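Trainee: My structure file input.txt, compact mmCIF, C-alpha atoms, is below:
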# COMPACT_ATOMS: atom_id res chain seq x y z
CA MET A 1 -7.63 -29.15 4.37
CA GLU A 2 -4.78 -27.89 6.48
CA PHE A 3 -5.00 -27.70 10.24
CA LYS A 4 -4.37 -24.21 11.64
CA ASP A 5 -2.56 -23.86 14.93
CA TYR A 6 -4.19 -20.69 16.22
CA TYR A 7 -2.14 -20.66 19.42
CA LYS A 8 1.08 -20.80 17.49
CA ILE A 9 -0.05 -18.05 15.12
CA LEU A 10 -0.59 -15.70 18.06
CA GLY A 11 2.48 -17.05 19.86
CA VAL A 12 0.58 -17.92 23.03
CA ASP A 13 0.38 -20.94 25.27
CA ARG A 14 -2.69 -23.19 25.08
CA ALA A 15 -3.38 -22.22 28.69
CA ALA A 16 -3.19 -18.49 27.90
CA SER A 17 -5.81 -16.30 29.54
CA LYS A 18 -8.22 -14.13 27.60
CA ASP A 19 -6.11 -11.10 28.45
CA ASP A 20 -2.90 -12.82 27.31
CA ILE A 21 -4.53 -13.61 23.99
CA LYS A 22 -5.78 -10.08 23.54
CA ARG A 23 -2.36 -8.65 24.38
CA ALA A 24 -0.59 -10.99 21.97
CA TYR A 25 -3.05 -10.16 19.19
CA ARG A 26 -2.77 -6.41 19.72
CA ARG A 27 1.01 -6.52 19.73
CA LEU A 28 1.17 -8.58 16.53
CA ALA A 29 -1.60 -6.57 14.88
CA ARG A 30 0.33 -3.34 15.41
CA LYS A 31 3.35 -4.92 13.81
CA TYR A 32 1.68 -6.60 10.87
CA HIS A 33 -1.34 -4.44 10.09
CA PRO A 34 -1.14 -3.89 6.32
CA ASP A 35 -1.74 -0.15 6.75
CA VAL A 36 1.20 0.13 9.12
CA SER A 37 3.65 -2.64 8.28
CA LYS A 38 6.36 -2.66 5.67
CA GLU A 39 6.84 -6.42 5.97
CA ALA A 40 6.41 -8.14 2.62
CA ASP A 41 3.99 -10.77 3.90
CA ALA A 42 2.11 -8.44 6.26
CA GLU A 43 -1.26 -8.88 4.57
CA ALA A 44 -1.19 -12.69 4.76
CA ARG A 45 0.20 -12.75 8.30
CA PHE A 46 -2.39 -10.25 9.48
CA LYS A 47 -5.26 -12.24 7.98
CA GLU A 48 -4.04 -15.31 9.82
CA MET A 49 -3.85 -13.41 13.11
CA LYS A 50 -7.33 -12.01 12.71
CA GLU A 51 -8.66 -15.48 12.09
CA ALA A 52 -6.80 -16.91 15.10
CA TYR A 53 -8.03 -14.08 17.32
CA GLU A 54 -11.58 -14.46 16.05
CA VAL A 55 -11.57 -18.03 17.38
CA LEU A 56 -9.51 -17.69 20.55
CA LYS A 57 -11.22 -14.56 21.90
CA ASP A 58 -14.63 -16.22 21.75
CA PRO A 59 -14.99 -18.74 24.64
CA GLU A 60 -17.44 -20.87 22.68
CA LYS A 61 -15.31 -21.11 19.55
CA ARG A 62 -12.17 -21.57 21.59
CA SER A 63 -13.49 -24.49 23.60
CA ALA A 64 -14.74 -26.13 20.42
CA TYR A 65 -11.34 -25.64 18.82
CA ASP A 66 -9.55 -26.89 21.95
CA GLN A 67 -11.20 -30.27 21.56
CA PHE A 68 -8.73 -31.13 18.82
CA GLY A 69 -6.02 -31.23 21.43
CA ALA A 70 -2.39 -30.23 21.31
CA ASN A 71 -1.30 -33.05 19.03
CA TRP A 72 -2.43 -31.37 15.86
CA LYS A 73 0.31 -29.57 14.00
CA ALA A 74 -0.10 -26.66 11.62
CA GLY A 75 -0.38 -27.82 8.02
CA GLN A 76 -1.45 -31.35 8.92
CA ASP A 77 -4.29 -32.72 6.81
CA PHE A 78 -7.49 -32.21 8.73
CA GLN A 79 -11.13 -33.28 8.50
CA PRO A 80 -13.68 -32.24 11.11
CA PRO A 81 -15.33 -35.08 13.05
CA PRO A 82 -18.57 -36.30 11.43
CA ASN A 83 -20.79 -35.09 14.26
CA TRP A 84 -19.26 -31.60 14.32
CA ARG A 85 -22.14 -29.74 12.77
CA ARG A 86 -24.73 -31.36 15.04
CA GLU A 87 -22.84 -30.54 18.19
CA TYR A 88 -21.85 -27.02 17.35
CA SER A 89 -23.66 -24.33 15.55
CA PHE A 90 -21.90 -21.10 14.76
CA SER A 91 -24.44 -19.38 12.65
CA ASP A 92 -22.87 -15.97 13.10
CA GLY A 93 -19.72 -16.91 11.24
CA ALA A 94 -17.29 -14.07 11.57
CA GLN A 95 -19.52 -11.09 11.72
CA SER A 96 -17.52 -9.01 14.11
CA PHE A 97 -14.62 -8.77 11.72
CA GLY A 98 -16.27 -9.09 8.37
CA ASP A 99 -14.21 -9.20 5.20
CA ALA A 100 -16.14 -11.98 3.53
CA GLY A 101 -14.16 -14.93 2.35
CA GLN A 102 -11.03 -13.69 4.05
CA PHE A 103 -10.83 -16.62 6.40
CA SER A 104 -9.39 -20.03 5.59
CA ASP A 105 -11.31 -23.14 4.56
CA PHE A 106 -10.33 -24.55 7.94
CA PHE A 107 -12.14 -21.70 9.71
CA GLU A 108 -15.18 -21.85 7.47
CA THR A 109 -15.58 -25.60 7.82
CA LEU A 110 -15.50 -25.37 11.59
CA PHE A 111 -17.30 -22.13 12.25
CA GLY A 112 -19.32 -21.40 9.16
CA GLN A 113 -18.88 -18.79 6.53
CA SER A 114 -18.51 -15.14 7.20
CA ARG A 115 -21.23 -13.15 5.53
CA GLY A 116 -20.64 -10.07 3.52
CA GLY A 117 -18.08 -7.33 3.85
CA GLY A 118 -19.51 -6.70 7.28
CA PHE A 119 -17.55 -3.72 8.40
CA SER A 120 -18.60 -3.31 12.00
CA PHE A 121 -19.68 0.27 11.30
CA ARG A 122 -21.96 -0.69 8.49
CA THR A 123 -25.61 -0.89 9.21
CA GLY A 124 -27.23 -4.16 8.28
CA GLY A 125 -30.62 -4.66 6.73
CA GLY A 126 -29.27 -7.51 4.63
CA ARG A 127 -27.97 -5.15 1.96
CA MET A 128 -24.24 -5.02 2.01
CA LYS A 129 -21.77 -3.73 -0.46
CA GLY A 130 -19.32 -6.41 -1.55
CA GLU A 131 -15.83 -6.69 -0.17
CA ASP A 132 -13.29 -4.10 -1.25
CA VAL A 133 -10.15 -5.76 -2.55
CA ASN A 134 -6.74 -4.19 -2.00
CA ALA A 135 -3.74 -5.16 -4.07
CA THR A 136 -0.36 -3.76 -4.96
CA ILE A 137 0.87 -3.17 -8.49
CA SER A 138 4.55 -2.70 -9.17
CA ILE A 139 5.42 -0.81 -12.35
CA PRO A 140 8.56 0.61 -13.95
CA ILE A 141 8.87 4.41 -13.64
CA GLU A 142 8.75 4.59 -17.44
CA ASP A 143 5.18 3.20 -17.41
CA ALA A 144 4.13 5.95 -15.01
CA HIS A 145 5.58 8.50 -17.41
CA ARG A 146 3.91 7.42 -20.62
CA GLY A 147 1.00 5.38 -19.24
CA ALA A 148 0.61 1.66 -19.87
CA SER A 149 -1.67 -1.34 -19.76
CA ARG A 150 -0.87 -4.13 -17.34
CA THR A 151 -2.43 -7.52 -16.79
CA ILE A 152 -2.79 -8.37 -13.16
CA SER A 153 -3.86 -11.53 -11.44
CA LEU A 154 -6.05 -11.18 -8.38
CA ASP A 155 -7.53 -13.43 -5.79
CA VAL A 156 -11.12 -12.17 -5.52
CA PRO A 157 -14.14 -13.55 -3.70
CA GLU A 158 -17.02 -14.64 -5.91
CA ALA A 159 -20.44 -15.96 -5.07
CA ASP A 160 -21.41 -19.23 -6.72
CA ALA A 161 -24.96 -20.25 -7.67
CA SER A 162 -25.83 -21.20 -4.09
CA GLY A 163 -24.54 -17.89 -2.77
CA ALA A 164 -21.47 -19.37 -1.11
CA VAL A 165 -18.33 -17.28 -1.40
CA ARG A 166 -15.26 -18.85 -2.94
CA ARG A 167 -11.98 -17.20 -3.81
CA ARG A 168 -11.08 -17.25 -7.45
CA GLN A 169 -8.17 -16.18 -9.60
CA LYS A 170 -9.17 -13.37 -11.89
CA MET A 171 -7.10 -11.73 -14.61
CA LEU A 172 -7.69 -8.06 -15.25
CA ASN A 173 -6.28 -5.67 -17.80
CA VAL A 174 -5.75 -2.36 -16.10
CA LYS A 175 -4.79 0.99 -17.58
CA ILE A 176 -1.98 2.73 -15.76
CA PRO A 177 -2.66 6.43 -16.24
CA ALA A 178 0.33 8.60 -17.19
CA GLY A 179 1.51 10.64 -14.23
CA VAL A 180 0.54 8.21 -11.48
CA THR A 181 3.00 8.35 -8.60
CA ALA A 182 4.24 5.75 -6.13
CA GLY A 183 2.03 5.33 -3.08
CA LYS A 184 -1.11 6.46 -4.89
CA ARG A 185 -4.11 4.20 -5.22
CA ILE A 186 -6.04 3.48 -8.39
CA ARG A 187 -9.70 2.84 -7.74
CA LEU A 188 -11.56 0.45 -10.02
CA GLU A 189 -15.21 0.63 -9.16
CA LYS A 190 -17.13 -2.62 -8.70
CA GLN A 191 -14.15 -4.86 -9.45
CA GLY A 192 -14.00 -6.18 -5.88
CA GLY A 193 -16.07 -8.87 -4.21
CA PRO A 194 -19.76 -9.49 -5.05
CA GLY A 195 -22.52 -7.64 -3.22
CA TYR A 196 -25.29 -9.31 -1.27
CA GLY A 197 -29.03 -8.93 -1.62
CA GLY A 198 -28.78 -6.97 -4.84
CA SER A 199 -26.31 -4.46 -3.48
CA PRO A 200 -23.31 -3.33 -5.52
CA ALA A 201 -20.00 -5.17 -5.76
CA GLY A 202 -17.02 -3.92 -3.78
CA ASP A 203 -14.25 -1.88 -5.34
CA LEU A 204 -10.72 -2.76 -6.27
CA TYR A 205 -7.90 -0.57 -5.00
CA LEU A 206 -4.47 -0.91 -6.56
CA ALA A 207 -1.64 0.62 -4.57
CA VAL A 208 1.02 1.73 -7.04
CA GLU A 209 4.66 0.95 -6.39
CA PHE A 210 7.64 1.72 -8.60
CA GLU A 211 10.15 -0.96 -9.41
CA PRO A 212 13.67 0.06 -8.43
CA HIS A 213 15.31 1.88 -11.34
CA PRO A 214 19.05 1.71 -12.12
CA PHE A 215 19.38 5.51 -12.06
CA TYR A 216 16.09 7.33 -11.56
CA ARG A 217 14.52 7.81 -8.15
CA ALA A 218 11.02 9.26 -7.88
CA ASP A 219 9.71 11.54 -5.16
CA GLY A 220 6.12 12.30 -6.01
CA ARG A 221 6.22 13.60 -9.57
CA ASP A 222 9.83 14.72 -9.25
CA ILE A 223 12.62 12.55 -10.56
CA HIS A 224 16.10 12.52 -9.05
CA LEU A 225 19.21 11.49 -10.91
CA GLU A 226 22.89 11.42 -9.98
CA LEU A 227 24.94 12.61 -12.95
CA PRO A 228 28.62 11.67 -13.16
CA VAL A 229 30.79 14.47 -14.60
CA THR A 230 34.54 14.86 -15.11
CA PRO A 231 36.53 17.39 -13.04
CA TRP A 232 37.06 19.59 -16.12
CA GLU A 233 33.35 19.50 -17.11
CA ALA A 234 32.55 20.65 -13.57
CA ALA A 235 35.35 23.24 -13.46
CA LEU A 236 34.97 24.73 -16.92
CA GLY A 237 31.18 24.42 -17.22
CA ARG A 238 30.31 22.27 -20.16
CA LYS A 239 27.16 21.17 -21.89
CA VAL A 240 26.43 17.49 -21.25
CA VAL A 241 23.66 15.12 -22.27
CA VAL A 242 21.31 14.00 -19.49
CA PRO A 243 18.76 11.17 -19.72
CA THR A 244 15.18 12.11 -18.81
CA LEU A 245 12.01 10.02 -18.97
CA GLY A 246 11.01 11.93 -22.08
CA GLY A 247 14.38 11.36 -23.79
CA PRO A 248 17.91 12.82 -23.55
CA VAL A 249 18.31 16.60 -23.12
CA ASP A 250 21.30 18.98 -23.08
CA LEU A 251 22.25 20.44 -19.74
CA GLN A 252 24.64 23.35 -19.23
CA ILE A 253 26.77 22.76 -16.17
CA PRO A 254 27.73 26.08 -14.52
CA ALA A 255 31.48 26.67 -14.37
CA GLY A 256 33.02 25.88 -11.01
CA SER A 257 30.43 23.30 -9.93
CA SER A 258 31.30 20.90 -7.14
CA SER A 259 29.97 17.43 -6.41
CA GLY A 260 26.54 17.63 -4.80
CA LYS A 261 25.37 20.65 -6.79
CA ILE A 262 21.78 20.14 -7.83
CA LEU A 263 20.39 21.41 -11.12
CA ARG A 264 16.71 21.43 -11.98
CA LEU A 265 15.18 20.49 -15.31
CA LYS A 266 11.75 22.06 -15.07
CA GLY A 267 8.80 19.93 -16.13
CA ARG A 268 10.98 16.93 -16.96
CA GLY A 269 9.53 14.71 -14.22
CA LEU A 270 6.29 12.74 -14.33
CA PRO A 271 3.43 14.45 -16.19
CA GLY A 272 0.60 16.13 -14.28
CA LYS A 273 -0.80 19.47 -13.25
CA PRO A 274 1.79 20.70 -12.57
CA ALA A 275 4.29 18.28 -14.09
CA GLY A 276 7.18 17.19 -11.90
CA ASP A 277 10.76 18.37 -12.35
CA GLN A 278 13.93 16.40 -12.76
CA TYR A 279 16.67 17.13 -10.26
CA VAL A 280 20.19 16.38 -11.40
CA GLU A 281 22.85 16.02 -8.74
CA LEU A 282 26.37 16.38 -10.04
CA LYS A 283 28.93 13.82 -8.99
CA VAL A 284 32.48 14.61 -9.99
CA VAL A 285 34.22 11.37 -10.85
CA VAL A 286 37.94 10.93 -11.11
CA THR A 287 39.15 8.07 -13.24
CA PRO A 288 42.56 6.51 -12.61
CA VAL A 289 45.36 8.52 -14.14
CA GLY A 290 46.11 6.71 -17.40
CA GLY A 291 49.56 7.30 -18.82
CA GLU A 292 52.45 9.69 -18.31
CA LYS A 293 50.99 12.59 -20.21
CA ILE A 294 47.88 12.74 -18.01
CA GLN A 295 50.06 12.45 -14.90
CA GLU A 296 52.08 15.47 -16.07
CA LEU A 297 48.96 17.51 -16.76
CA TYR A 298 47.60 16.83 -13.27
CA GLU A 299 50.94 17.78 -11.76
CA ALA A 300 51.01 21.00 -13.76
CA LEU A 301 47.51 21.77 -12.49
CA GLU A 302 48.67 21.11 -8.94
CA ARG A 303 51.53 23.63 -9.34
CA GLU A 304 49.47 26.28 -11.12
CA HIS A 305 46.26 26.03 -9.13
CA ASP A 306 47.31 25.89 -5.50
CA VAL A 307 44.10 25.83 -3.44
CA ASN A 308 43.20 24.42 -0.03
CA PRO A 309 39.64 23.03 -0.10
CA ARG A 310 39.96 22.19 3.62
CA ALA A 311 40.57 25.74 4.81
CA LYS A 312 37.18 25.83 6.57
CA LEU A 313 38.15 22.75 8.58
CA GLY A 314 41.01 24.71 10.14
CA VAL A 315 43.80 22.63 8.62
CA MET B 1 -10.03 -21.13 -15.00
CA PRO B 2 -8.69 -17.63 -15.23
CA ASP B 3 -10.53 -15.53 -17.76
CA ARG B 4 -9.07 -12.69 -19.72
CA SER B 5 -10.99 -9.58 -20.51
CA ARG B 6 -9.81 -7.90 -23.64
CA THR B 7 -10.56 -4.32 -22.85
CA SER B 8 -8.45 -2.53 -20.32
CA LEU B 9 -10.22 -1.22 -17.25
CA ARG B 10 -9.74 2.43 -16.58
CA GLY B 11 -9.66 3.39 -12.93
CA ILE B 12 -9.20 6.72 -11.29
CA VAL B 13 -6.13 7.74 -9.36
CA LEU B 14 -7.06 8.82 -5.86
CA ASP B 15 -4.98 11.98 -5.70
CA GLU B 16 -5.61 15.64 -5.05
CA GLN B 17 -7.00 16.10 -8.59
CA VAL B 18 -10.22 14.13 -8.04
CA THR B 19 -12.99 15.04 -5.66
CA PHE B 20 -15.71 12.97 -4.01
CA THR B 21 -19.00 14.29 -2.71
CA LEU B 22 -20.03 13.31 0.80
CA HIS B 23 -22.34 10.68 -0.68
CA GLU B 24 -19.60 9.25 -2.90
CA LEU B 25 -17.22 9.09 0.05
CA CYS B 26 -19.84 7.21 2.08
CA LEU B 27 -20.29 4.70 -0.75
CA ALA B 28 -16.55 4.25 -1.27
CA CYS B 29 -16.00 3.56 2.43
CA GLY B 30 -19.24 1.66 3.02
CA ILE B 31 -20.19 3.95 5.89
CA GLN B 32 -22.94 6.37 6.85
CA THR B 33 -22.81 10.15 6.88
CA GLU B 34 -22.56 10.32 10.70
CA LEU B 35 -19.22 8.54 10.63
CA VAL B 36 -17.83 10.93 8.05
CA VAL B 37 -18.96 13.86 10.21
CA GLU B 38 -17.22 12.22 13.15
CA MET B 39 -14.01 11.77 11.19
CA VAL B 40 -14.09 15.40 10.07
CA ASP B 41 -14.83 16.61 13.61
CA GLU B 42 -11.93 14.58 14.97
CA GLY B 43 -9.56 15.87 12.29
CA VAL B 44 -9.00 12.50 10.60
CA ILE B 45 -9.97 13.92 7.20
CA GLU B 46 -10.63 17.41 5.94
CA PRO B 47 -13.15 18.55 3.35
CA ALA B 48 -11.48 20.15 0.34
CA GLN B 49 -13.41 23.37 0.72
CA ALA B 50 -15.61 24.49 3.53
CA GLY B 51 -18.45 25.56 1.29
CA THR B 52 -22.09 24.69 1.59
CA GLU B 53 -21.53 21.16 0.39
CA TRP B 54 -18.60 19.00 1.45
CA GLN B 55 -16.16 17.76 -1.18
CA PHE B 56 -13.27 15.44 -0.42
CA ARG B 57 -10.06 14.99 -2.35
CA GLY B 58 -9.06 11.51 -3.52
CA ASP B 59 -6.28 11.25 -0.95
CA SER B 60 -8.86 11.87 1.79
CA VAL B 61 -10.74 8.79 0.60
CA VAL B 62 -7.60 6.69 1.02
CA ARG B 63 -6.99 8.25 4.42
CA ALA B 64 -10.56 7.62 5.57
CA GLN B 65 -10.33 3.97 4.53
CA ARG B 66 -7.00 3.48 6.30
CA ALA B 67 -8.38 5.15 9.43
CA LEU B 68 -11.44 2.89 9.37
CA ARG B 69 -9.25 -0.21 9.14
CA LEU B 70 -6.98 0.97 11.96
CA VAL B 71 -9.93 1.77 14.21
CA ARG B 72 -11.50 -1.61 13.46
CA ASP B 73 -8.41 -3.80 13.65
CA LEU B 74 -6.31 -2.11 16.33
CA ASP B 75 -9.19 -0.78 18.42
CA LEU B 76 -7.92 2.80 18.13
CA ASN B 77 -10.09 5.86 18.61
CA TRP B 78 -10.24 8.57 15.94
CA PRO B 79 -7.54 10.85 17.36
CA GLY B 80 -5.29 7.79 17.71
CA ALA B 81 -5.89 6.76 14.11
CA ALA B 82 -5.26 10.34 12.91
CA LEU B 83 -1.99 10.45 14.84
CA ALA B 84 -0.91 7.05 13.47
CA LEU B 85 -1.65 8.18 9.89
CA ASP B 86 0.23 11.46 10.35
CA LEU B 87 3.25 9.61 11.72
CA LEU B 88 3.12 7.02 8.92
CA ASP B 89 3.03 9.81 6.32
CA GLU B 90 5.98 11.49 8.00
CA LEU B 91 7.89 8.20 8.12
CA GLU B 92 7.26 7.64 4.42
CA ARG B 93 8.43 11.16 3.61
CA LEU B 94 11.64 10.66 5.58
CA GLN B 95 12.33 7.28 4.02
CA LYS B 96 12.08 8.75 0.54
CA ARG B 97 15.01 11.04 1.13
For this file, write the structure as structure tokens.
Mentor:
Amino acid sequence: MEFKDYYKILGVDRAASKDDIKRAYRRLARKYHPDVSKEADAEARFKEMKEAYEVLKDPEKRSAYDQFGANWKAGQDFQPPPNWRREYSFSDGAQSFGDAGQFSDFFETLFGQSRGGGFSFRTGGGRMKGEDVNATISIPIEDAHRGASRTISLDVPEADASGAVRRRQKMLNVKIPAGVTAGKRIRLEKQGGPGYGGSPAGDLYLAVEFEPHPFYRADGRDIHLELPVTPWEAALGRKVVVPTLGGPVDLQIPAGSSSGKILRLKGRGLPGKPAGDQYVELKVVVTPVGGEKIQELYEALEREHDVNPRAKLGV
Amino acid sequence: MPDRSRTSLRGIVLDEQVTFTLHELCLACGIQTELVVEMVDEGVIEPAQAGTEWQFRGDSVVRAQRALRLVRDLDLNWPGAALALDLLDELERLQKR
């Protein structure tokens, strides 16, 4: 089992006061709390911090932990001394923070196992709903449009025959409903951690994320797309083909359109009540002048169509 | 050993289309009615319609759970959690543009 350097995790000195430890934890928690942070490893970092704080804020646990001295390094192979259990008894495990099975083997070996999804607001009585499990699922926008089935792998707590909680890899096939949008959560009842004392299992929450798409960008159910057009398509107003999630459609560009003009394809976004729209932003692209003939045509246009697009800038 | 279930699980999307009764919200959050009343009083979540019986939209369930975690982990009070969630929503909206 790996040794955990709780002081290092919270970035405090071994001599740090209770207040120093609290301050360090609060500062890090604000930064890495999974509901606040955008850091990729926020969830794992935050769990570590909670565990470190759980030990260092409690004078009894801290002094027990301090016995191991400063020579231990994080990740070093660790076994508790043989007399550990006789000398120390931490029957309460990690009740104040709950989240059964969230703490490391290192913590559980030293301080006992946390019991149940003991949210501090929950009332006890021995009956406790199992731990809710939160995970993120990243899907292509196309899957959100037509719906899909995805296999996900989850690390979920499970109770073994003796009632001890172990984390286990579990594969689940999950339906992605058509019309789901990024940032939404899919709730799968009773697919979380086991309940205690005959109470129901926790739930599984999947936060939906969209994989980056080469040209679509989603905003809720609406889809945004930048559409390259030629100067003459924009000037003359032509019909062009536009990709949508439901397949290509014809779009009439109004004559005299400039770059940045936005056209709406109603109901062509993600399905729902109401369905989203697709917004098409025109981007006039100019390709290098190829050949003498094209050069002449541009020059003729310059002579015939003498406009100053910068008039408003006073030049 | 990882096991593989053949049938696909069908969940529900917690959006404005689904509603939870007060009891269902309590079960989903693992809390008692009094706490829900407190969250409503403090403006953390809002019932979908102020009828005789409270109903909550799916996004309120997500919001209640996030608020509970923030209050527990960061030692915020309810107005603080509500403010943090409003600002996070606003930040997300701005980042999308």
Trainee: Hey, can you check how far atom CA of A:Asp155 sits from atom CA of A:Lys190?
Mentor: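 According to the coordinates, atom CA of A:Asp155 and atom CA of A:Lys190 are separated by 14.7 Å.
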Trainee: Go through B:Gln65, B:Gln49, B:Gln55, B:Asn77 one by one, measure the shortest atom-to-atom distance of each to B:His23 using only C-alpha atoms, and give the residue with the smallest value.
Mentor: B:Gln55
Trainee: From the set B:Asp86, B:Pro79, B:Leu74, B:Cys26, which residue has the shortest atom-to-atom contact distance to A:Leu28, counting only C-alpha atoms?
Mentor: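 Ranked by minimum distance to A:Leu28, first place goes to B:Leu74.
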Trainee: Determine which residues of chain A sit within 9 Å of chain B, taking into account all atoms listed in the file, and present them as a PyMOL selection string.
Mentor: chain A and resi 26+29-30+33+35-36+50+97+119-123+128-129+132+149-151+153+168-177+180+184-189+202-203+218-219+273
Trainee: If you measure from atom CA of A:Lys18 to atom CA of A:Asp58, what distance in Å do you get, rounded to one decimal?
Mentor: 8.9 Å
Trainee: Measuring between only C-alpha atoms, which one of A:Ala64, A:Leu227, A:Leu245, A:Leu110 shows the shortest distance to A:Gly147?
Mentor: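 When distances to A:Gly147 are compared using only C-alpha atoms, the smallest one comes from A:Leu245.
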Trainee: Hey, what's within 7 Å of stretch 68-80 of chain A if we count only C-alpha atoms and toss same-chain stuff fewer than 5 positions away? As a VMD selection string, please?
Mentor: chain A and resid 1 to 5
Trainee: Leaving out stretch 222-224 of chain A and any residue of its chain fewer than 6 positions from it, which residues lie within 7 Å of it when counting all atoms listed in the file, given as a count of residues only?
Mentor: 8
Trainee: Could you jot down the atom CA of A:Lys31 to atom CA of B:Asp89 separation for me, Å, one decimal place?
Mentor: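 Rounded to one decimal, the two atoms are 16.5 Å apart.
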Trainee: Can you pull out every residue within 12 Å of A:Asp20, counting only C-alpha atoms, but drop anything in the same chain fewer than 4 positions away, and send it as a short mmCIF file (atom, residue, chain, number, x, y, z; two decimals) with C-alpha atoms, in the coordinates of the input?
Mentor:
data_model
loop_
_atom_site.label_atom_id
_atom_site.label_comp_id
_atom_site.auth_asym_id
_atom_site.auth_seq_id
_atom_site.Cartn_x
_atom_site.Cartn_y
_atom_site.Cartn_z
CA TYR A 7 -2.14 -20.66 19.42
CA LEU A 10 -0.59 -15.70 18.06
CA GLY A 11 2.48 -17.05 19.86
CA VAL A 12 0.58 -17.92 23.03
CA ASP A 13 0.38 -20.94 25.27
CA ARG A 14 -2.69 -23.19 25.08
CA ALA A 15 -3.38 -22.22 28.69
CA ALA A 16 -3.19 -18.49 27.90
CA ALA A 24 -0.59 -10.99 21.97
CA TYR A 25 -3.05 -10.16 19.19
CA ARG A 26 -2.77 -6.41 19.72
CA ARG A 27 1.01 -6.52 19.73
CA TYR A 53 -8.03 -14.08 17.32
CA LEU A 56 -9.51 -17.69 20.55
CA LYS A 57 -11.22 -14.56 21.90
#
Trainee: Can you list, as a list in words, every protein, DNA or RNA residue that comes within 8 Å of B:Val44 when you count all atoms listed in the file, leaving out same-chain residues fewer than 2 positions away?
Mentor: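 Neighbouring residues, sequence-local ones excluded: Met39, Val40, Asp41, Glu42, Glu46, Arg63, Ala64, Ala67, Trp78, Pro79, Ala81 and Ala82 of chain B.
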